[in-house]
Amino acid sequence: MNDEIKKYLVYEGRVSVAIARTTEMIEQYRKEQDLTPTTTAVMGRFLTMAGLMGHTDMKGEESSITLQMNGNGPIGNVVAVVKKENDTAIVKGYCENNKVELPLKSNGKIDVSGSIGRDGFLNVIYETGGKQGYKGVIPIVSGEIAEDFTNYFATSQQTPNVVALGVLVNKDGVVASGGYKIELMPDATNDDINKLEEAVKKAPSISTLIEQGKSLNEIVEIITGDENSMVLAKDLKIEYKCDCSKEKFFSGLKTLGKEELKKVIENQEEIETVCHFCGKKYKFSKAEIEKLL
Ligand SMILES: [Zn+2]
């Protein structure tokens with residue numbers, strides 16, 4: 001099934017849900033970045049979260065959200081950025097050590113928190129028109145990512161919520177990837193909360209539901225226990241794409257300053273820059289740099 005994201009209202013509008021299936025996108029990302037199963041599980045969760053937030057926490061086209069987590073674990077710094085074009089949340093991301101591979105935990109699951117670590121912070125930065133807006137910084141609670149974002153929304157936005165993220169990887173690649181974010185509106189009742197908690201607890205994991213081939217409409221019913229969900233927005237999309245270009249790196253070189261650039265081309269024939277996000281290399285010849293000067 002193709003990647004998609006949908007937004008729903010359940011419990012007669014007192015609870016909202018956003019669900020994403022990102023299997024294709026994460027498999028594409030895994031291949032391009034040549035990730036290990038461990039880093040696929042981490043980046044799959046992180047990019048899915050960014051994609052969800054592109055549709056739940058972002059308004060204008062000129063905005064972006066940057067998610068950054070560093071728990072001093074072997075994977076190092078983990079970053080994802082989401083921007084929006086039309087109805088598509090466009091995500092990119094990287095982790096410092098994308099070749100990290102840890103042994104499976106005793107329950108057979110990938111050790112996500114072991115690779116991220118628990119000694120550090122989750123940062124969420126909102127930007128509009130190149131200007132930084134709200135910035136949320138909270139200590140990492142578990143390093144399992146979904147729990148950390150649940151805690152972020154609860155503390156920074158005072159929104160009771162449930163976040164679930166999951167990636168299933170085997171030796172051939174990504175089998176299933178996705179996530180959801182359930183948000184309680186201010187008029188949600190205690191009865192709603194109890195019913196919701198029970199449904200979430202009973203439901204299989206999001207990666208299992210996606211692996212089973214369940215549609216998003218079926219998943220919303222399973223995780224909320226409400227058969228009368230209303231689709232609020234459909235045909236939303238999530239896509240992985242890096243927006244780097246030679247032009248962008250060229251203007252980046254300008255910020256080095258004339259003197260510094262002169263020094264560099266005195267000693268070498270060309271300058272090579274590498275995009276953090278996608279690993280693409282851009283070369284600038286001596287002649288190009290001289291023109292810039
Ligand atoms: Zn790039």
# chains A, B, ... in the order shown; residues from 1 in each chain; ligands from 1
$ residues_near_ligand --ligand "ligand 1" --cutoff "9 Å" --atoms "only C-alpha atoms and all ligand atoms" --output "PyMOL selection string"
chain A and resi 92+241-245+274-281
$ residues_around --residues "Glu24 of chain A" --least-positions-apart "3" --cutoff "7 Å" --atoms "only C-alpha atoms" --output "list in words"
Asn2, Asp3, Glu27 and Gln28 of chain A
$ write_last_selection --atoms "N, CA and C atoms" --output "JSON list (two decimals), in the first residue's frame"
[["chain", "number", "residue", "atom", "x", "y", "z"],
["A", 2, "ASN", "N", 0.43, 2.26, -0.69],
["A", 2, "ASN", "CA", 1.21, 3.50, -0.78],
["A", 2, "ASN", "C", 1.24, 4.25, 0.55],
["A", 3, "ASP", "N", 2.26, 5.06, 0.71],
["A", 3, "ASP", "CA", 2.33, 5.91, 1.90],
["A", 3, "ASP", "C", 1.16, 6.89, 1.90],
["A", 27, "GLU", "N", 11.83, 3.09, 3.48],
["A", 27, "GLU", "CA", 12.66, 2.15, 2.70],
["A", 27, "GLU", "C", 13.55, 2.92, 1.71],
["A", 28, "GLN", "N", 12.99, 3.93, 1.09],
["A", 28, "GLN", "CA", 13.78, 4.77, 0.17],
["A", 28, "GLN", "C", 14.93, 5.43, 0.93]]
$ residues_around --residues "Phe153 of chain A" --least-positions-apart "2" --cutoff "12 Å" --atoms "only C-alpha atoms" --output "count of residues only"
28
$ residues_around --residues "Gln68 of chain A" --least-positions-apart "6" --cutoff "12 Å" --atoms "only C-alpha atoms" --output "ChimeraX atom specification"
/A:43,46-47,49-50,76-82,93-96,116,120-126,135-140,145,148-149
$ atom_distance --atom1 "atom CA of Asn194 of chain A" --atom2 "atom CA of Leu52 of chain A"
24.6 Å
$ closest_residue --among "A:Glu101, A:Gly51, A:Glu239, A:Leu256" --to "Pro74 of chain A" --atoms "only C-alpha atoms"
A:Glu101
$ closest_residue --among "A:Lys131, A:Lys201, A:Arg30, A:Lys283" --to "Gly173 of chain A" --atoms "only C-alpha atoms"
A:Arg30
$ closest_residue --among "A:Ser177, A:Asn228, A:Thr36, A:Thr23" --to "Ser207 of chain A" --atoms "only C-alpha atoms"
A:Ser177
$ atom_distance --atom1 "atom CA of Glu62 of chain A" --atom2 "atom CA of Gly129 of chain A"
5.2 Å
$ residues_around --residues "Lys291 of chain A" --least-positions-apart "5" --cutoff "12 Å" --atoms "only C-alpha atoms" --output "ChimeraX atom specification"
/A:250,254,258,261-262,265,284-286
$ decode --residues "segment 129-227 of chain A" --atoms "C-alpha atoms" --output "PDB file, in the first residue's frame"
ATOM      1  CA  GLY A 129      10.045  32.794   7.059  1.00  0.00           C
ATOM      2  CA  GLY A 130      13.577  31.981   8.209  1.00  0.00           C
ATOM      3  CA  LYS A 131      12.920  33.394  11.700  1.00  0.00           C
ATOM      4  CA  GLN A 132      13.001  31.166  14.745  1.00  0.00           C
ATOM      5  CA  GLY A 133       9.756  31.053  16.650  1.00  0.00           C
ATOM      6  CA  TYR A 134       8.899  28.754  19.521  1.00  0.00           C
ATOM      7  CA  LYS A 135      11.595  26.467  20.836  1.00  0.00           C
ATOM      8  CA  GLY A 136      10.853  23.605  23.191  1.00  0.00           C
ATOM      9  CA  VAL A 137      13.631  21.835  25.087  1.00  0.00           C
ATOM     10  CA  ILE A 138      12.887  18.916  27.367  1.00  0.00           C
ATOM     11  CA  PRO A 139      15.006  16.177  28.933  1.00  0.00           C
ATOM     12  CA  ILE A 140      14.787  12.758  27.248  1.00  0.00           C
ATOM     13  CA  VAL A 141      12.565  10.422  29.283  1.00  0.00           C
ATOM     14  CA  SER A 142      13.160   7.058  27.611  1.00  0.00           C
ATOM     15  CA  GLY A 143      14.950   7.464  24.281  1.00  0.00           C
ATOM     16  CA  GLU A 144      12.210   5.372  22.664  1.00  0.00           C
ATOM     17  CA  ILE A 145      11.201   8.503  20.699  1.00  0.00           C
ATOM     18  CA  ALA A 146       7.381   8.061  20.807  1.00  0.00           C
ATOM     19  CA  GLU A 147       7.352   8.364  24.621  1.00  0.00           C
ATOM     20  CA  ASP A 148       9.599  11.389  24.398  1.00  0.00           C
ATOM     21  CA  PHE A 149       7.228  13.150  22.010  1.00  0.00           C
ATOM     22  CA  THR A 150       4.202  12.236  24.154  1.00  0.00           C
ATOM     23  CA  ASN A 151       6.023  13.884  27.032  1.00  0.00           C
ATOM     24  CA  TYR A 152       6.939  16.885  24.848  1.00  0.00           C
ATOM     25  CA  PHE A 153       3.324  17.557  23.790  1.00  0.00           C
ATOM     26  CA  ALA A 154       2.092  17.051  27.351  1.00  0.00           C
ATOM     27  CA  THR A 155       4.605  19.416  28.960  1.00  0.00           C
ATOM     28  CA  SER A 156       5.330  22.031  26.272  1.00  0.00           C
ATOM     29  CA  GLN A 157       1.871  22.270  24.757  1.00  0.00           C
ATOM     30  CA  GLN A 158      -0.197  21.056  27.715  1.00  0.00           C
ATOM     31  CA  THR A 159      -1.996  18.680  25.353  1.00  0.00           C
ATOM     32  CA  PRO A 160      -2.910  15.231  26.673  1.00  0.00           C
ATOM     33  CA  ASN A 161      -1.919  12.882  23.861  1.00  0.00           C
ATOM     34  CA  VAL A 162      -0.691   9.479  22.788  1.00  0.00           C
ATOM     35  CA  VAL A 163       2.111   9.107  20.254  1.00  0.00           C
ATOM     36  CA  ALA A 164       3.056   5.755  18.741  1.00  0.00           C
ATOM     37  CA  LEU A 165       5.815   5.153  16.207  1.00  0.00           C
ATOM     38  CA  GLY A 166       7.041   1.868  14.787  1.00  0.00           C
ATOM     39  CA  VAL A 167       9.332   0.472  12.130  1.00  0.00           C
ATOM     40  CA  LEU A 168       9.628  -3.201  11.251  1.00  0.00           C
ATOM     41  CA  VAL A 169      12.906  -4.083   9.505  1.00  0.00           C
ATOM     42  CA  ASN A 170      14.169  -7.431   8.252  1.00  0.00           C
ATOM     43  CA  LYS A 171      17.284  -8.335   6.276  1.00  0.00           C
ATOM     44  CA  ASP A 172      15.702  -7.170   3.009  1.00  0.00           C
ATOM     45  CA  GLY A 173      14.632  -3.786   4.295  1.00  0.00           C
ATOM     46  CA  VAL A 174      11.637  -1.985   5.765  1.00  0.00           C
ATOM     47  CA  VAL A 175       8.548  -4.198   6.058  1.00  0.00           C
ATOM     48  CA  ALA A 176       6.280  -1.682   7.774  1.00  0.00           C
ATOM     49  CA  SER A 177       6.639   1.831   9.106  1.00  0.00           C
ATOM     50  CA  GLY A 178       4.206   4.347  10.505  1.00  0.00           C
ATOM     51  CA  GLY A 179       2.880   6.232  13.450  1.00  0.00           C
ATOM     52  CA  TYR A 180       0.000   8.081  14.983  1.00  0.00           C
ATOM     53  CA  LYS A 181      -0.735  10.989  17.269  1.00  0.00           C
ATOM     54  CA  ILE A 182      -3.964  11.055  19.276  1.00  0.00           C
ATOM     55  CA  GLU A 183      -4.899  14.374  20.878  1.00  0.00           C
ATOM     56  CA  LEU A 184      -7.556  15.007  23.485  1.00  0.00           C
ATOM     57  CA  MET A 185      -9.587  18.176  23.017  1.00  0.00           C
ATOM     58  CA  PRO A 186     -10.383  20.264  26.112  1.00  0.00           C
ATOM     59  CA  ASP A 187     -13.950  18.872  26.170  1.00  0.00           C
ATOM     60  CA  ALA A 188     -12.850  15.208  26.297  1.00  0.00           C
ATOM     61  CA  THR A 189     -14.524  13.447  29.241  1.00  0.00           C
ATOM     62  CA  ASN A 190     -13.013  11.067  31.774  1.00  0.00           C
ATOM     63  CA  ASP A 191     -15.062   8.346  30.157  1.00  0.00           C
ATOM     64  CA  ASP A 192     -13.416   9.154  26.789  1.00  0.00           C
ATOM     65  CA  ILE A 193      -9.975   8.981  28.391  1.00  0.00           C
ATOM     66  CA  ASN A 194     -10.690   5.604  29.987  1.00  0.00           C
ATOM     67  CA  LYS A 195     -12.098   4.130  26.775  1.00  0.00           C
ATOM     68  CA  LEU A 196      -9.194   5.475  24.769  1.00  0.00           C
ATOM     69  CA  GLU A 197      -6.580   4.155  27.186  1.00  0.00           C
ATOM     70  CA  GLU A 198      -8.148   0.728  27.052  1.00  0.00           C
ATOM     71  CA  ALA A 199      -8.292   0.691  23.221  1.00  0.00           C
ATOM     72  CA  VAL A 200      -4.680   1.843  22.862  1.00  0.00           C
ATOM     73  CA  LYS A 201      -3.507  -0.776  25.360  1.00  0.00           C
ATOM     74  CA  LYS A 202      -5.411  -3.557  23.593  1.00  0.00           C
ATOM     75  CA  ALA A 203      -4.320  -2.576  20.068  1.00  0.00           C
ATOM     76  CA  PRO A 204      -1.377  -4.270  18.354  1.00  0.00           C
ATOM     77  CA  SER A 205       1.620  -2.014  17.680  1.00  0.00           C
ATOM     78  CA  ILE A 206       1.336   0.423  14.767  1.00  0.00           C
ATOM     79  CA  SER A 207       4.022  -1.456  12.781  1.00  0.00           C
ATOM     80  CA  THR A 208       2.094  -4.721  13.257  1.00  0.00           C
ATOM     81  CA  LEU A 209      -1.159  -3.108  12.073  1.00  0.00           C
ATOM     82  CA  ILE A 210       0.584  -1.761   8.981  1.00  0.00           C
ATOM     83  CA  GLU A 211       2.315  -5.079   8.338  1.00  0.00           C
ATOM     84  CA  GLN A 212      -1.104  -6.763   8.493  1.00  0.00           C
ATOM     85  CA  GLY A 213      -2.192  -4.502   5.637  1.00  0.00           C
ATOM     86  CA  LYS A 214      -4.815  -2.618   7.648  1.00  0.00           C
ATOM     87  CA  SER A 215      -6.088   0.602   6.069  1.00  0.00           C
ATOM     88  CA  LEU A 216      -5.798   3.845   8.011  1.00  0.00           C
ATOM     89  CA  ASN A 217      -9.603   3.807   8.468  1.00  0.00           C
ATOM     90  CA  GLU A 218      -9.348   0.374  10.094  1.00  0.00           C
ATOM     91  CA  ILE A 219      -6.407   1.443  12.241  1.00  0.00           C
ATOM     92  CA  VAL A 220      -8.206   4.500  13.663  1.00  0.00           C
ATOM     93  CA  GLU A 221     -11.057   2.245  14.771  1.00  0.00           C
ATOM     94  CA  ILE A 222      -8.706  -0.266  16.405  1.00  0.00           C
ATOM     95  CA  ILE A 223      -6.617   2.260  18.329  1.00  0.00           C
ATOM     96  CA  THR A 224      -9.543   4.404  19.552  1.00  0.00           C
ATOM     97  CA  GLY A 225     -12.352   1.848  19.834  1.00  0.00           C
ATOM     98  CA  ASP A 226     -14.675   4.258  17.993  1.00  0.00           C
ATOM     99  CA  GLU A 227     -16.481   2.847  14.946  1.00  0.00           C
TER     100      GLU A 227
END
